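Participant: One structure is given below, represented as structure tokens, and several questions about it will come after.
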Amino acid sequence: MRATTKPTAPDPDAALPAQRERPARRPPTGEDPSLRAAYRLCQHTTRVHDPGIHALIQLMPAVLRPAGWALWAAVSVLDDLADQRDVEPAEREARVEAWTQALQRDLAAGTSTDLIRHALVDSALRWHLDLSSLQGAMTSTRDDVRGRRFADWDEWRAWCNEGVLPWVDQLRHLFEQAGAPMTLRLDRHKDYEQFVDGAQLTDTLTDLSADLPQGDLLLPHEVLDAFPGAEDDLLQGRWSPATAALIRQLTALARQWVTRPAMTRGMHPGSATVLNTAASLMRAQLDAVDAAGPALLKRAPRPSAVARTRIFVPARLRSGLAWSLTPLTVPGPRRHAATVSAPNPAADDTALRPPPPHPSGARPPQLPADQLPSHVAVIMDGNGRWANQRGLPRPEGHRAGTAAAHEMVYGALEIGLRHLTLYAFSTENWKRDTDEITTILEAIQHDLDEGPLRDLDVRQRWLGHPDKLPDELVQALRREERRTRNRTALTLTVCINYGGRDEITRTAAALAQAAHAGTIDPRLIGQDDFARHLPHPDMPDVDLLWRTGGEHRISNFLPWHATYAELHFTPGYWPDVDRRDLWQAITEYSRRQRRHGAAPPQQAPTVAPRSM
């Protein structure tokens with residue numbers, strides 16, 4: 001979230017009663033005077049830049065607060081470097097990049113001469129934070145220097161997810177490490193993402209007075225175009241009926257997004273208090289935006305002291321009670337610096353390696369780019385029968401099938417395929433033997449943790465529903481999605497606990513919810529609207545659907561995306577295939593003529609020559 005450099009309101013903590021806590025054995029920042037000074041600077045920076053965030057961090061357990069200050073101070077410093085309007089854009093970009101590179105060196109050294117980085121390095125080592133996940137966020141901050149324009153909400157959300165979510169996820173990781181996990185119900189991750197969207201939209205509306213004079217209007221054209229004249233009025237600093245109507249709609253939308261009561265159900269009461277208080281604070285902030293009127297374009301509005309007190313006094317009492325009853329884990333000795341990953345865009349690229357060659361030396365066929373499919377989806381069938389054929393337990397077939405999946409990825413990279421989707425575990429597979437299910441899910445978990453795909457230029461995604469899946473597996477899937485989000489060569493989507501009818505049903509429910517909320521007109525719903533509400537709206541249609549194992553059906557796999565897919569069925573069992581079979585399937589695809597319902601081109605009739 002963008003930091004506000006000149007708060008116009010007093011610190012929300014000032015009028016609040018002190019929170020009772022059990023005495024700690026040692027200061028959470030350690031005994032090192034320079035380290036305590038570093039954390040004090042982080043606390044001051046957070047308090048000055050965003051008093052509301054500072055007050056929220058005060059609701060965290062005392063042992064976690066220094067790390068919270070360090071993370072938010074780093075956000076503030078990077079924002080300040082990117083927002084120095086008296087400095088040329090190229091120089092601002094260079095300063096953000098230099099700060100990021102210095103952090104990498106400091107993490108390797110285990111210390112820093114820069115006080116804020118010194119505290120951040122200590123937090124990362126002390127709490128086992130993987131700061132490499134912040135790479136995309138820091139790159140996004142650097143790129144913000146050039147200005148942003150968004151065609152629609154999808155582009156805006158992508159920016160939000162890249163720049164904001166990684167920092168919030170670090171805070172969630174802190175709670176987990178302390179033994180009070182901010183664990184979301186597995187079916188509430190969409191609520192969480194929408195909550196973060198609402199926070200970013202609230203921040204954007206609050207900062208209009210600072211952004212507009214610089215020509216920055218961080219809102220999508222999709223909403224601006226619905227209010228003719230509002231964009232020009234805002235950029236010129238004019239308050240008009242169109243501007244007022246736009247702000248009313250956006251504050252209502254942000255209020256709807258941040259109001260997610262189901263998100264914290266089942267969560268630790270202390271963690272839930274932090275999130276629920278953040279939601280209350282943002283709603284108060286939106287009330288202030290609504291009430292500001294024309295003054296919104298001149299200065300950042302803030303909730304009144306009375307409103308803040310009503311929010312934070314009960315929150316401090318609730319969180320204090322919750323943490324007093326919770327045995328928390330105090331971090332032990334710091335990890336060695338070499339074990340911590342740092343955000344480093346250049347290192348992330350150079351560390352990637354090409355896929356290993358096929359043992360036979362086989363190379364992919366040279367096909368024209370316009371004859372290659374963009375998206376190949378594979379039903380990996382025959383693992384159990386492969387094992388039975390060899391007198392082995394069925395689970396052994398699934399272990400053997402993992403190597404074939406790796407081969408598909410290697411072959412896709414070598415031939416230049418852009419999208420590969422693998423059907424790993426269906427919603428119907430829960431009917432199988434418990435040992436077989438356990439083997440499948442454990443193999444997937446092991447591959448995520450230690451598999452050979454980690455260093456390839458592969459963006460990994462998961463399609464499916466979290467119900468019934470182990471929490472550890474879901475967290476690992478989401479971790480790899482975050483870690484590989486900036487990779488570009490191949491998008492690998494693994495379908496786990498996936499069913500096509502289930503996907504369509506949930507998408508229809510999401511559309512119905514949007515219609516009920518008034519964000520879409522049910523009379524005008526079209527195919528594009530449906531596609532935008534799918535779990536992965538940017539997933540392209542399947543060009544080639546391939547099934548191994550001799551069966552000739554698609555088994556509830558990607559019914560929306562595979563409507564016009566070419567079908568390819570082969571008799572071999574999945575563990576016996578390798579990348580050469582993928583290349584053969586693609587070669588066969590290249591020979592087919594795809595018409596998508598159109599008539600084939602007519603050829604001129606052959607006229608026999610007249611006899612003399």
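Note on naming: chains are A, B, ... as they come in the structure tokens, residues start from 1 per chain, ligands start from 1 in the order shown.
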What lies within 9 Å of Arg399 in chain A using only C-alpha atoms, ignoring chain neighbours under 4 positions off, as a list of chain:residue names?

Facilitator: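 Residues meeting the cut-off are A:Asn383, A:Pro395, A:Ala403, A:Thr439, A:Ile440, A:Ala443, A:Pro575.
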
Participant: Given only C-alpha atoms as the basis, pick out the residue of A:Leu352, A:Asp576, A:Thr507, A:Arg501 nearest to Gly401 in chain A.

Facilitator: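 Counting only C-alpha atoms, the residue closest to Gly401 in chain A is A:Asp576.
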
Participant: Going by DSSP on the backbone, which bits of range 66-234 of chain A are helix (DSSP H, G or I)? Write them as a VMD selection string, please.

Facilitator: chain A and resid 66 to 82 89 to 109 115 to 127 131 to 144 153 to 163 165 to 177 186 to 206 208 to 214 221 to 224 230 to 234

Participant: Which residue is closest to Leu469 in chain A? Choose from A:Leu413, A:Leu448, A:Leu441, A:Leu321 and count only C-alpha atoms.

Facilitator: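 Counting only C-alpha atoms, the residue closest to Leu469 in chain A is A:Leu441.
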
Participant: Considering only C-alpha atoms, state which residue in the set A:Leu524, A:Leu544, A:Val223, A:Leu534 is at the smallest distance from Gln371 in chain A.

Facilitator: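 Counting only C-alpha atoms, the residue closest to Gln371 in chain A is A:Leu544.
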
Participant: Can you list, as a list in words, every protein, DNA or RNA residue that comes within 10 Å of Ala387 in chain A when you count only C-alpha atoms, leaving out same-chain residues fewer than 3 positions away?

Facilitator: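 Neighbouring residues, sequence-local ones excluded: Gly382, Asn383, Gly384, Arg390, Gly391, Leu392, Pro393, Arg394, Pro395, Glu396, Gly397, His398, Arg399, Ala400, Tyr573 and Pro575 of chain A.
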
Participant: Rank nothing, just name the residue among A:His419, A:Arg363, A:Lys190, A:His552 nearest to Pro535 in chain A, using only C-alpha atoms.

Facilitator: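 Result for the nearest residue to Pro535 in chain A: A:Lys190.
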
Participant: In Å, rounded to a single decimal, give me how far CA of Thr421 in chain A is from CA of Val458 in chain A.

Facilitator: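 It comes out at 12.1 Å.
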
Participant: Pick out the residues sitting within 6 Å of range 479-489 of chain A, and hand them over as a PyMOL selection string; count only C-alpha atoms, and ignore anything fewer than 2 positions along from it in its own chain.

Facilitator: chain A and resi 133+457-461+475-477

Participant: Enumerate the residues of range 308-422 of chain A with a DSSP assignment of strand (DSSP E or B), computed from the backbone, and present them as a list of chain:residue names.

Facilitator: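 Taking range 308-422 of chain A and keeping strand (DSSP E or B) gives A:His375, A:Val376, A:Ala377, A:Val378, A:Ile379, A:His419, A:Leu420, A:Thr421, A:Leu422.
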
Participant: Based on the selection just made, write C-alpha atoms of those residues as a tab-separated table (two decimals), in the first residue's frame.

Facilitator:
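Writing done, so here's part18.tsv:
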```tsv
chain	number	residue	atom	x	y	z
A	375	HIS	CA	-2.45	-24.60	-24.48
A	376	VAL	CA	-2.13	-28.37	-24.07
A	377	ALA	CA	-4.14	-30.12	-21.33
A	378	VAL	CA	-3.30	-33.68	-20.29
A	379	ILE	CA	-5.34	-36.33	-18.45
A	419	HIS	CA	0.49	-23.25	-21.32
A	420	LEU	CA	0.43	-26.80	-19.97
A	421	THR	CA	-2.34	-28.09	-17.69
A	422	LEU	CA	-2.10	-31.46	-15.92
```

Participant: For a test of reading the model, state the distance in Å between CA of Leu107 in chain A and CA of Gln177 in chain A, rounded to one decimal.

Facilitator: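 Rounded to one decimal, the two atoms are 19.5 Å apart.
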
Participant: Would you please work out which residue, of A:Asp83, A:Asp191, A:Asp169, A:Glu97, is nearest to Gly68 in chain A when using only C-alpha atoms?

Facilitator: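 When distances to Gly68 in chain A are compared using only C-alpha atoms, the smallest one comes from A:Asp169.
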
Participant: Would you please work out which residue, of A:Gln43, A:Gln58, A:Thr273, A:Gln170, is nearest to Ala137 in chain A when using only C-alpha atoms?

Facilitator: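 Of the candidates, the smallest distance to Ala137 in chain A is held by A:Gln170.
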
Participant: Which value, in Å to one decimal, gives the distance between CA of Ser319 in chain A and CA of Leu59 in chain A?

Facilitator: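 Between these atoms lies a distance of 6.0 Å.
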